[in-house]
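What follows is a short report on a single structure.
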Amino acid sequence: MINSNVVAEVPSAKLVKTSCVSNSETTNDSDSDSKTTDASEKQSAEPQDPKAQDSPYNEFLDLLSQKNGEGASCKVKDPSYDEFVGLLSADSGAETAKPKPAAGSSCPVATGLVPRARAPESSSDSSRPVHLHLGPGNSSGKCPFRHGTVYAGPYPGYVHGNPKRGICPRGCRPELNSEIAESETPKKTLLREATEYIELYYHERRDEMKGVEGFATKEERMAEIQASIDSTGTYAHTFDELQHGARVAWRNSPKCSNRKYWQQLKLLDCRDVTTNRGMYDSCVRHLEKAMSCGSSEAYVTVFRPAPPEKDGPRIWNDQLLQYASYNNDGVVLGDPKNLRFTEMLEERFGWTGPPDGKRGPYDYLPLVVQADPDGPPKLFDLPLEVAPPVHIHHHKYSELSSLNMRWYPIPAVCAMDMDIGGLVYTAVPFNGWYAITEVVRDLTDETRYNLLRPIADALGHDADTKPGEAPLWIDHVMAILGEAVYHSFKAAKIAVVDHFNLINMFYDWYNDEMKYRKYCPVNWKWVIPPMSSSASPAYLGLNQAQEYTLKPNYFVGKSFLQLEVESFGPRDRTKAVNDLIRAVHLALVFKRMISRFRSRKQPVLIIYASVTGNAATYASDLGAILRSGCNVSFVDACGVNSSLDQEPLRLIESSTLTIFVSSTQGNGELPSLSQKFFSNLFDHSGHLLKGRNCAVLGFGSTAYPVFCGAAAHLSSKLAEQGAQEVVVRGQCDAVEGETSAFYQWTSNLVTTLANMDNASPFMLKLANSMEESTASSLVQQRNLMRSIKIELFTHEEVESAAAKSYMRRSGSMGSLRGSFTGGVEEKHEMPRRERILKIIKSSSQQETLAKNMLAGRVISREDLGGSGLGSEVGRKTSVLKIDLKSCGDPPYQPGDHVRVFPRNVVSEHHLGEFIGHLSGDISLLDYMYVTFEDINMPKSELAVALPLVHDNLEQLVPMGYFFEKVVALLAPIPMQALGEMAELATSKKEKVRLKTLGQNKTEYERMNSFNSLKWLGLFGWFPSLSKQVSIPFLLCNMKRNHPRSYSISSCKAIVGSELHLCVGRYLYSCGGSRKEAGICSSFLTSVEPGDEILFKLESAPSFHHPLDPSCPVIFICAGTGESLEPGLDFLWAQLTTCITISQGFAPIRGLLMQRSYFQSRGQKLGAAYMFFGSRCSREGLFHDDLRELVNKRVLTKCYMCYSREPGQQRQHTTDKLQSAKMKAIIAPILKRGDSHVFICGSANLAEQSKSALAEMTSETYMDDFIASGRLHCDVFGAVTPTSSSGPRFVDEIMNTERSGIGMPMD
């Protein structure tokens, strides 16, 4: 065996080998088998005088005394000299009469402390360690710190650090691999490495595994391995040995800065796979697993190891996800890094590019796998939907979207070998999650996509550095791109970490490793981030870190060039050499960040949990307000990847106030991605919050049964922890309007903080400024309106100015029609031509709403049923098919959501009438150009105060487009706007009426319920306002037409480049017989083929089908009303609300399509039961489709539940579930560990279904069922009455109108 550590010489020239076993393990080691067959090693050690100077024994005692002072684990009594000699004799294989130490004795084997002898001066090779090969049954010479043999390769010695210093306190140093190879046979190397790993494994896993049935003792396991190696030349790892070995290999990887989470690596054991197809399917399964959790968990797929002295299965790609590269006459399209690999695919495998034949810069490379090194490799195209790319956008710099940048969601490395205990696994795809700097470098490096200058051009930076100037624009562009990458991955719900947190977490973990494990290999230049490096203490703290190789570990495997030659023979390399891409990396300018002086400001931490980003925006606004009086830090509760992340806990400890801002998801729950963080904070962090000042701000909607339930839950948990809420919990209602409630709560918070004893002068100043701001809010509103300037241009003027033939003409073309400042018409002096040309040049010329949105064309609309299909207000259910080819064919999964941007379903005649009543001479065909002249208000504040102005600022916007698509023309007029318009009315009677409606909430609600005070009908109700209301007034008081969310009801693998929606027209009555339709549902159920629909895709991984189609599944779906309590049915009938069954069935339709796809691929389907709620059988919606799915065994059984079937007793889905027959069928399925339940319908249906399922099992079991992620709910708000005057329907002012989804109200 190789002694990788410091060895000791004894008088007989014997070498000492140490063991890493603990005291309790020492007595079980078999010394009877420790004799070696080497004749030269059978000499016995002569006893040495323990008092002799510089004897090994004295040096041993000195070393032991030093160790005894370092920690409790090393505090043992000094061994006797006889024990010491006995140890040497036993380890060397010599016969000795010295007894073996008794159990619990402090022998050197137990402590692992071995004398470091001085080499004789006469030795010419004293610096080179001599290796002693031990026979079977002996462990190799291991250090007490159990790191095993230390290798110098594949790295050239110490890349960093002091080569004279050992890698651990014992002084162990690396050995050259060539020296080890010379001194061992392959079989002995295998046995030594197996022994070293088993020693490590039992030391680290024995306590946890000893209760597992069938877990062998270390001696039994070593005997099994010895016997297997003797008979077959190799052995096999158990599952836990393999998983722990893969984790330790990650821990030992010196170039990885994310090793803090090594213990969470999950093994996908595929050692039984023997075919190319099996390897490909396993790789796809790996990607699906990683994507199902948003890449927040690390997985490693392990195929069978290489046989002794042979090669094993291989994956030719460097990563599972990579982009192709094409050489088009010297111009590279795609990722230049993969040019040679792409050319190899074209030449050797005949690959011609994507299946659709369209080559682009972001085409996924196919996978090339080779299950048998003696067999042929196989190429498989990788479906895009397996891992949809992340499109790179910036929430502030929309110009970046024009570059159409994207990146694959997860780094899945596969060109690595994994060496564990002497076994080499040659195919081990491994994924983690990206750091933003990795993606930034991939997009900007000269040898990669080289987009640094295109990004600078899009941002308006001058990238041409002039003489004497510094190219500091590079820093700015890289920082903005980093923000865009972080924002885009978060928006796509894909895990990503910034480089600041990454290196700080690694540095803390490294220090812990050095403190407790005593060793940790590090490559400084790899772990230090390439951006803002010196901002972390690790920049200097790791500059003496050492790099060396330990096993288990990951090593670079064979390149595809080697594998190509082995399979096909050498090819003509002339073209490859000529096109070789220079591997030159840009040197980054490191600039140390200088923190501002904040000693007098109290630290405040804002922890926010947001799904759609609304709560995050308000958290940002809150931080912006508090920043002038506090040092504000933020923690994204949805973005914390691991419960081991201690940074949020440190921030809480150092903050004087912790503010929790949370949206509400589903039926009063915390956002699902934040639950892990809050569970760790409240359940596993002790009483961290005890006695601390806290505040809670919640966002929700009173349209849901549980209003702001997430905020209430946080308040309850804080009370249990002993925290003190300094201000009453804030609750912002999307129905009533969130902004006013937010600012009122913020004002109360600031006032409370200013009144505290330790309030800083900054906080007092902030409180005074907010009081002044609140007192003059109306004045500020009017000042803001006067700052809005509107310039109008006719359609002919804009078209003429834009035409090149007219742009070249000279001379004036007349005067502008006019401009409006606060509604007052003024003459513009600048000649029209020059002004319009200047505006066209400065304006982005893009429709604001279309930014960051996808535009698809309607293929068809099929009306399935409902009464009054020809009426504008009749019931209607439609299936829409949307073509995705025109918007890049983006990927999606069944169960995902689509946010549709609606169009006001208003005739051109009515739009013209409304615009005609506005002040000024305005036409539908006119264009407006909006500017804002208040230079004291930054754009970030303008976006909150006047979102319509901000979104259309300095844009040339068509008036018809603005009133048809941009503004919520069919939304109710706010009370505040009605009160302000009282001053504009010319009729005294209308003045009084408007003033009353603006001040009396009860009167306002009564009139709005029965008369629908919408903007479109403003001049019908109040004729004297005609020509008195200006466009700036509307920009200050109207709301944007928000997108509405719908569940996708198709499977891309079945329908291709299409997207299907099942939409039921949302109808309601506010009194009398008049019915009204919802904005978006009315729009979607009236579109025609060829019409354009603006939308945005949103991933909903919590409602995806299980990755394993053999899992049993239960579907429960119903339309709104199916889940109402019987006592509420009369209310339902009175309201005459008609929402079709498609709302609950929409996402289930897509999941059933996916099951059909699984079946078509020959995959085994598990049992699937559906409980389908409908009004009556004559509606017949999707009944034929369901019967066909049952006949094809895609569904095992479908139970129809009718609530209004003539001649039958009413039956809801929950009634069916609660029957004795169903309990006998469903209960055993629920108790299986792999079953899943999907519920889609109203929030009431979800709650009642959960209760019914809990009755079949137990409350505790259902809690565990939900916690394991096997209950999937897609719920929407219930219709609830608010007063006797009528119900509150808020579809017109918020996003409650949807088709079978659980919209997070934030």
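Just remember, in the structure tokens the first chain shown is A, the second B, etc., residues are 1-based per chain, and ligands are 1-based in the order shown.
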
DSSP helix (DSSP H, G or I) residues within range 644-764 of chain A, as a PyMOL selection string: chain A and resi 647-654+672-683+709-721+738-754+761-764

Spatial neighbours of Gln1154 in chain A, 9 Å, only C-alpha atoms, chain gap at least 6 places, as a ChimeraX atom specification: /A:894,1050-1054,1105

Please produce an output containing all heavy atoms for each residue in the selection, written as a CSV table (one decimal), in the first residue's frame.
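Below is the file again_23.csv, written as the result:
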chain,number,residue,atom,x,y,z
A,894,PRO,N,-47.5,21.0,-19.8
A,894,PRO,CA,-48.9,21.0,-19.4
A,894,PRO,C,-49.0,21.4,-17.9
A,894,PRO,O,-48.2,20.9,-17.1
A,894,PRO,CB,-49.3,19.5,-19.6
A,894,PRO,CG,-48.3,19.0,-20.7
A,894,PRO,CD,-47.0,19.8,-20.5
A,1050,SER,N,-52.9,22.1,-23.2
A,1050,SER,CA,-52.4,21.2,-24.3
A,1050,SER,C,-51.0,20.7,-23.8
A,1050,SER,O,-50.4,21.2,-22.9
A,1050,SER,CB,-52.3,22.0,-25.6
A,1050,SER,OG,-51.5,23.2,-25.4
A,1051,CYS,N,-50.6,19.7,-24.6
A,1051,CYS,CA,-49.2,19.2,-24.4
A,1051,CYS,C,-48.4,19.4,-25.7
A,1051,CYS,O,-48.8,19.0,-26.8
A,1051,CYS,CB,-49.3,17.7,-24.1
A,1051,CYS,SG,-47.7,16.8,-24.0
A,1052,LYS,N,-47.3,20.1,-25.6
A,1052,LYS,CA,-46.5,20.4,-26.7
A,1052,LYS,C,-46.0,19.2,-27.5
A,1052,LYS,O,-45.9,19.3,-28.7
A,1052,LYS,CB,-45.3,21.3,-26.3
A,1052,LYS,CG,-44.7,22.0,-27.5
A,1052,LYS,CD,-43.7,23.1,-26.9
A,1052,LYS,CE,-42.9,23.8,-28.1
A,1052,LYS,NZ,-43.8,24.4,-29.0
A,1053,ALA,N,-45.8,18.1,-26.8
A,1053,ALA,CA,-45.3,16.9,-27.5
A,1053,ALA,C,-46.4,16.4,-28.4
A,1053,ALA,O,-46.1,15.6,-29.4
A,1053,ALA,CB,-44.9,15.9,-26.5
A,1054,ILE,N,-47.7,16.7,-28.2
A,1054,ILE,CA,-48.8,16.2,-29.0
A,1054,ILE,C,-49.1,17.2,-30.1
A,1054,ILE,O,-49.3,16.9,-31.2
A,1054,ILE,CB,-50.0,15.9,-28.1
A,1054,ILE,CG1,-49.7,14.8,-27.1
A,1054,ILE,CG2,-51.2,15.6,-29.0
A,1054,ILE,CD1,-49.5,13.4,-27.8
A,1105,HIS,N,-47.1,17.0,-14.2
A,1105,HIS,CA,-47.4,15.6,-14.1
A,1105,HIS,C,-46.1,15.0,-13.4
A,1105,HIS,O,-45.0,15.4,-13.7
A,1105,HIS,CB,-47.6,15.0,-15.4
A,1105,HIS,CG,-48.2,13.6,-15.3
A,1105,HIS,ND1,-47.5,12.5,-15.1
A,1105,HIS,CD2,-49.5,13.2,-15.5
A,1105,HIS,CE1,-48.2,11.4,-15.1
A,1105,HIS,NE2,-49.5,11.8,-15.3

List every residue of range 1153-1187 of chain A that has an atom at most 12 Å from any atom of range 1059-1066 of chain A, giving for each one its closest atom pair and the distance in Å to one decimal, counting only C-alpha atoms, sorted by chain and then by ascending residue number, as a Markdown table.
| residue | atom | partner | partner_atom | distance |
| --- | --- | --- | --- | --- |
| A:Met1153 | CA | A:His1060 | CA | 11.3 |
| A:Leu1181 | CA | A:Cys1062 | CA | 10.9 |
| A:Phe1182 | CA | A:Cys1062 | CA | 10.7 |

Could you save those same residues with all heavy atoms as a PDB file, in the first residue's frame?
ATOM      1  N   MET A1153     -53.404  14.875 -22.076  1.00  0.00           N
ATOM      2  CA  MET A1153     -52.665  14.792 -23.342  1.00  0.00           C
ATOM      3  C   MET A1153     -51.265  14.236 -23.107  1.00  0.00           C
ATOM      4  O   MET A1153     -50.758  13.419 -23.881  1.00  0.00           O
ATOM      5  CB  MET A1153     -52.564  16.183 -23.975  1.00  0.00           C
ATOM      6  CG  MET A1153     -53.720  16.592 -24.840  1.00  0.00           C
ATOM      7  SD  MET A1153     -53.289  18.090 -25.765  1.00  0.00           S
ATOM      8  CE  MET A1153     -54.822  18.412 -26.602  1.00  0.00           C
ATOM      9  N   LEU A1181     -69.751  18.884 -22.168  1.00  0.00           N
ATOM     10  CA  LEU A1181     -68.419  19.426 -22.436  1.00  0.00           C
ATOM     11  C   LEU A1181     -67.356  18.375 -22.167  1.00  0.00           C
ATOM     12  O   LEU A1181     -67.226  17.877 -21.050  1.00  0.00           O
ATOM     13  CB  LEU A1181     -68.174  20.661 -21.588  1.00  0.00           C
ATOM     14  CG  LEU A1181     -69.102  21.853 -21.852  1.00  0.00           C
ATOM     15  CD1 LEU A1181     -68.761  22.994 -20.916  1.00  0.00           C
ATOM     16  CD2 LEU A1181     -68.995  22.303 -23.290  1.00  0.00           C
ATOM     17  N   PHE A1182     -66.604  18.023 -23.189  1.00  0.00           N
ATOM     18  CA  PHE A1182     -65.468  17.108 -23.114  1.00  0.00           C
ATOM     19  C   PHE A1182     -65.864  15.684 -22.735  1.00  0.00           C
ATOM     20  O   PHE A1182     -64.996  14.862 -22.469  1.00  0.00           O
ATOM     21  CB  PHE A1182     -64.415  17.620 -22.122  1.00  0.00           C
ATOM     22  CG  PHE A1182     -63.961  19.020 -22.372  1.00  0.00           C
ATOM     23  CD1 PHE A1182     -64.356  20.061 -21.538  1.00  0.00           C
ATOM     24  CD2 PHE A1182     -63.141  19.307 -23.455  1.00  0.00           C
ATOM     25  CE1 PHE A1182     -63.939  21.356 -21.772  1.00  0.00           C
ATOM     26  CE2 PHE A1182     -62.718  20.607 -23.687  1.00  0.00           C
ATOM     27  CZ  PHE A1182     -63.121  21.630 -22.846  1.00  0.00           C
TER      28      PHE A1182
END

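Nearest-residue note for Pro891 in chain A: choosing from A:Gly422, A:Ala1246, A:Glu385, A:Tyr408, the minimum distance belongs to A:Glu385, counting only C-alpha atoms.
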
Shell around range 711-728 of chain A at 9 Å using only C-alpha atoms, local window under 2 positions removed, as an MDAnalysis selection string: chainID A and resid 657 660:664 668:670 678 682 686:700 707:709 730:731 745 748:749 752:753

Members of range 1211-1253 of chain A assigned strand (DSSP E or B) by DSSP, as a PyMOL selection string: chain A and resi 1236-1242

12 Å contact set for Leu1034 in chain A, only C-alpha atoms, chain neighbours under 3 positions out, as a PyMOL selection string: chain A and resi 785+788+790+822-823+915+918-919+946-949+962-963+967-969+973-974+977-978+980-981+1015-1016+1018+1028-1031+1037-1040

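The nearest approach to His1042 in chain A among the residues A:Ser1160, A:Asn904, A:Thr794, A:Asn768, with only C-alpha atoms taken into account, belongs to A:Asn904.
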